[in-house]
Amino acid sequence: MRSYLNSFEWLRSGLFWRTFFMLAILVMSSMAVWFVSFRTVERYPRAQQLTAQITSIVTITRAALTHAAPERRKELLLDLANNESVRIYLLNDGDRTAPPAPSAFFSELNNLMKIHLGKDTRFAKSVNGVEGFWVSFDIEGDKYWLRLDEDRIEPPITLPFLSWTSTTLIITLLGAAVISKLINVPLSRLSSAARLLAQGKQPPALPELGPKEIRETNASFNSMVEDLARIETDRTVILAGISHDLRTPLARMQLEVEMATLDEQARIGMQSDLTQMDAIINQFLDYAKPIDNLRFEEINISELLEQVIQEYSRINYLHIRSAITPGQIISGNSTELRRIFSNLIENACRYGKNPDQLNTVIEIQCSLKSRGKKQGILVSFRDHGEGAASDNLARLLKPFTRADASRSQANGSGLGLAIVDRIVRRHRGRMRIYNHEQKGFVAVMIFPEIKFK
């Protein structure tokens, strides 16, 4: 049942097809209602017309037989059947008859015929095995049958009618396709542009054409994109300017600390503070870095992880356990990906120490994961610390946000996870953070896999 429903997933997800089928069903339903309404409205006039024809035939036949000699009546009936296609038979009491099928049209015809030919008028679908529409009448006490073709009662669906219906249906479907396309194209452009904007890219300007509503929507979106680009540029310039301006006094302070006559412990403390300030400035620069000029290439993320783990293995108190599936390839930027992994490891060293506060254990995994028809490269980092407060998890990916007091004893800018999340989204990936059920903070990322033909 689920596979059957999945086969129609494209119908539920595609606006074009939904609009097309809704319009097509609406028009075909309207045609069906029109056809039924037409047959209902023309039922009584058609019954009147057929009654007049049968009455005329009976009147003419009655007059002809009445004025003909009795011995010539049979010959006259044969002439009428051959020359005028009027088939009249003698009615015998032993005739085997079958009643016609009940219908709304026959009910109308039955009432009208009995008014014109008499209440004793009989109807039959077949007489003695001969199919047709049979109507009884009498001439001077003699009973007769008048047989008509069945298509007089229910006209058959002819080829012109089928051609007209097919042509109308084709034109209707083409019209529904054009209307759906006109509705879907502007929305598809807007959706694609919004998707590019969500990935941190600059979408092309939407055409400000078409109906008023679409023009206004596209104009508003273009204005929003320009405002966001200007805000991003201004923020980058401001952060870069501030960070650059702070480097000079920091360097001067570092030199003065080196040259000043200070207690060794005070010197170490001041140098540590200056180093920390320099690291915070670097984080500002990383977060403000423009992304338009990033070059993406095929990256073996398994090898890159191994290199980062090898670099951090020199730290005595840090113990890294890894389970990395080799040969996992994604499209990305090696510098940006290396920054992700470094930030997560440093975040674990700062906030995720073991309960003894002496060692940090990090578990790193990298593998191929499948979800339905979609595949992706899953990378996860887990420490064995106390984790973060549950009500803070949703905020940790926002800039300048740090965890609760238990995790924020060490100083920081609150940009580490925000930078990681931003880089992941640049790589068309997704990131999730949560607390492990056995303590510890977990960050999981999924990147699209490159499939080779």
# chains A, B, ... in the order shown; residues from 1 in each chain; ligands from 1

call {"tool": "select_by_dssp", "arguments": {"residues": "segment 207-323 of chain A", "states": "strand (DSSP E)", "output": "short mmCIF file (atom, residue, chain, number, x, y, z; two decimals) with N, CA and C atoms, in the first residue's frame"}}
result
data_model
loop_
_atom_site.label_atom_id
_atom_site.label_comp_id
_atom_site.auth_asym_id
_atom_site.auth_seq_id
_atom_site.Cartn_x
_atom_site.Cartn_y
_atom_site.Cartn_z
N GLU A 297 35.01 21.63 -5.08
CA GLU A 297 35.59 20.54 -5.85
C GLU A 297 35.29 19.23 -5.14
N GLU A 298 35.65 18.14 -5.78
CA GLU A 298 35.43 16.82 -5.18
C GLU A 298 36.40 16.63 -4.01
N ILE A 299 35.81 16.38 -2.84
CA ILE A 299 36.61 16.24 -1.61
C ILE A 299 36.40 14.85 -1.04
N ASN A 300 37.51 14.17 -0.75
CA ASN A 300 37.42 12.90 -0.03
C ASN A 300 37.33 13.24 1.46
N LEU A 318 43.48 14.99 24.93
CA LEU A 318 42.42 14.73 23.97
C LEU A 318 42.54 13.31 23.42
N HIS A 319 41.47 12.55 23.53
CA HIS A 319 41.44 11.16 23.02
C HIS A 319 40.30 11.06 22.00
N ILE A 320 40.67 10.76 20.77
CA ILE A 320 39.69 10.70 19.67
C ILE A 320 39.51 9.25 19.23
N ARG A 321 38.25 8.81 19.26
CA ARG A 321 37.89 7.49 18.74
C ARG A 321 37.14 7.70 17.43
N SER A 322 37.57 7.05 16.40
CA SER A 322 36.97 7.31 15.09
C SER A 322 36.52 6.00 14.43
N ALA A 323 35.44 6.13 13.67
CA ALA A 323 34.94 5.03 12.83
C ALA A 323 34.57 5.66 11.49
#

call {"tool": "residues_around", "arguments": {"residues": "Arg425 of chain A", "least_positions_apart": "6", "cutoff": "12 Å", "atoms": "only C-alpha atoms", "output": "list in words"}}
result
Arg195, Leu196, Leu197, Ala198, Gln199, Gly200, Lys201, Ile291, Gly332, Glu336, Leu337, Ile340, Leu397, Ala418, Ile419, Met431, Arg432, Met445, Ile446, Phe447 and Pro448 of chain A

call {"tool": "residues_around", "arguments": {"residues": "Thr97 of chain A", "least_positions_apart": "6", "cutoff": "8 Å", "atoms": "only C-alpha atoms", "output": "PyMOL selection string"}}
result
chain A and resi 124-129

call {"tool": "atom_distance", "arguments": {"atom1": "atom CA of Gln365 of chain A", "atom2": "atom CA of Ala443 of chain A"}}
result
10.7 Å

call {"tool": "residues_around", "arguments": {"residues": "Arg339 of chain A", "least_positions_apart": "4", "cutoff": "9 Å", "atoms": "only C-alpha atoms", "output": "compact mmCIF listing (two decimals) with all heavy atoms, in the first residue's frame"}}
result
# COMPACT_ATOMS: atom_id res chain seq x y z
N ASP A 286 36.06 34.70 10.32
CA ASP A 286 35.54 33.47 9.69
C ASP A 286 34.05 33.58 9.43
O ASP A 286 33.55 33.18 8.37
CB ASP A 286 35.82 32.26 10.58
CG ASP A 286 37.30 31.90 10.61
OD1 ASP A 286 38.01 32.32 9.67
OD2 ASP A 286 37.72 31.21 11.55
N SER A 334 37.77 22.38 0.82
CA SER A 334 38.53 21.69 1.86
C SER A 334 38.84 22.62 3.04
O SER A 334 38.82 22.19 4.20
CB SER A 334 39.83 21.13 1.28
OG SER A 334 40.61 22.18 0.73
N THR A 335 39.12 23.89 2.77
CA THR A 335 39.42 24.82 3.87
C THR A 335 38.22 25.00 4.78
O THR A 335 38.34 24.98 6.02
CB THR A 335 39.86 26.18 3.30
OG1 THR A 335 40.99 25.99 2.44
CG2 THR A 335 40.22 27.14 4.42
N ASN A 343 36.51 23.40 14.51
CA ASN A 343 35.61 24.08 15.45
C ASN A 343 34.90 23.10 16.37
O ASN A 343 34.74 23.35 17.58
CB ASN A 343 34.57 24.90 14.68
CG ASN A 343 35.11 26.26 14.25
OD1 ASN A 343 36.31 26.49 14.32
ND2 ASN A 343 34.24 27.15 13.81
N LEU A 344 34.46 21.97 15.83
CA LEU A 344 33.74 20.99 16.64
C LEU A 344 34.67 20.33 17.66
O LEU A 344 34.28 20.07 18.80
CB LEU A 344 33.09 19.94 15.74
CG LEU A 344 31.88 20.44 14.93
CD1 LEU A 344 31.40 19.35 13.97
CD2 LEU A 344 30.74 20.85 15.84
N ILE A 419 29.23 29.22 13.00
CA ILE A 419 30.11 29.10 11.83
C ILE A 419 29.98 27.72 11.22
O ILE A 419 29.89 27.56 10.00
CB ILE A 419 31.57 29.39 12.23
CG1 ILE A 419 31.72 30.87 12.62
CG2 ILE A 419 32.52 29.03 11.10
CD1 ILE A 419 33.08 31.22 13.20
N VAL A 420 29.94 26.69 12.06
CA VAL A 420 29.79 25.31 11.56
C VAL A 420 28.48 25.16 10.79
O VAL A 420 28.45 24.62 9.67
CB VAL A 420 29.84 24.32 12.74
CG1 VAL A 420 29.46 22.91 12.26
CG2 VAL A 420 31.23 24.30 13.36
N ILE A 423 28.61 26.95 7.38
CA ILE A 423 29.42 26.24 6.38
C ILE A 423 28.69 24.99 5.90
O ILE A 423 28.72 24.67 4.70
CB ILE A 423 30.81 25.88 6.96
CG1 ILE A 423 31.59 27.16 7.31
CG2 ILE A 423 31.60 25.04 5.98
CD1 ILE A 423 32.91 26.90 8.00

call {"tool": "atom_distance", "arguments": {"atom1": "atom CA of Phe137 of chain A", "atom2": "atom CA of Arg43 of chain A"}}
result
23.8 Å

call {"tool": "residues_around", "arguments": {"residues": "Gln48 of chain A", "least_positions_apart": "5", "cutoff": "12 Å", "atoms": "only C-alpha atoms", "output": "NGL selection string"}}
result
:A and (42-43 or 53-55 or 105-113 or 115-116 or 153)

call {"tool": "closest_residue", "arguments": {"among": "A:Val135, A:Val225, A:Ala98, A:Ala104", "to": "Thr51 of chain A", "atoms": "only C-alpha atoms"}}
result
A:Val135

call {"tool": "closest_residue", "arguments": {"among": "A:Arg215, A:His436, A:Arg295, A:Lys398", "to": "Phe381 of chain A", "atoms": "only C-alpha atoms"}}
result
A:His436
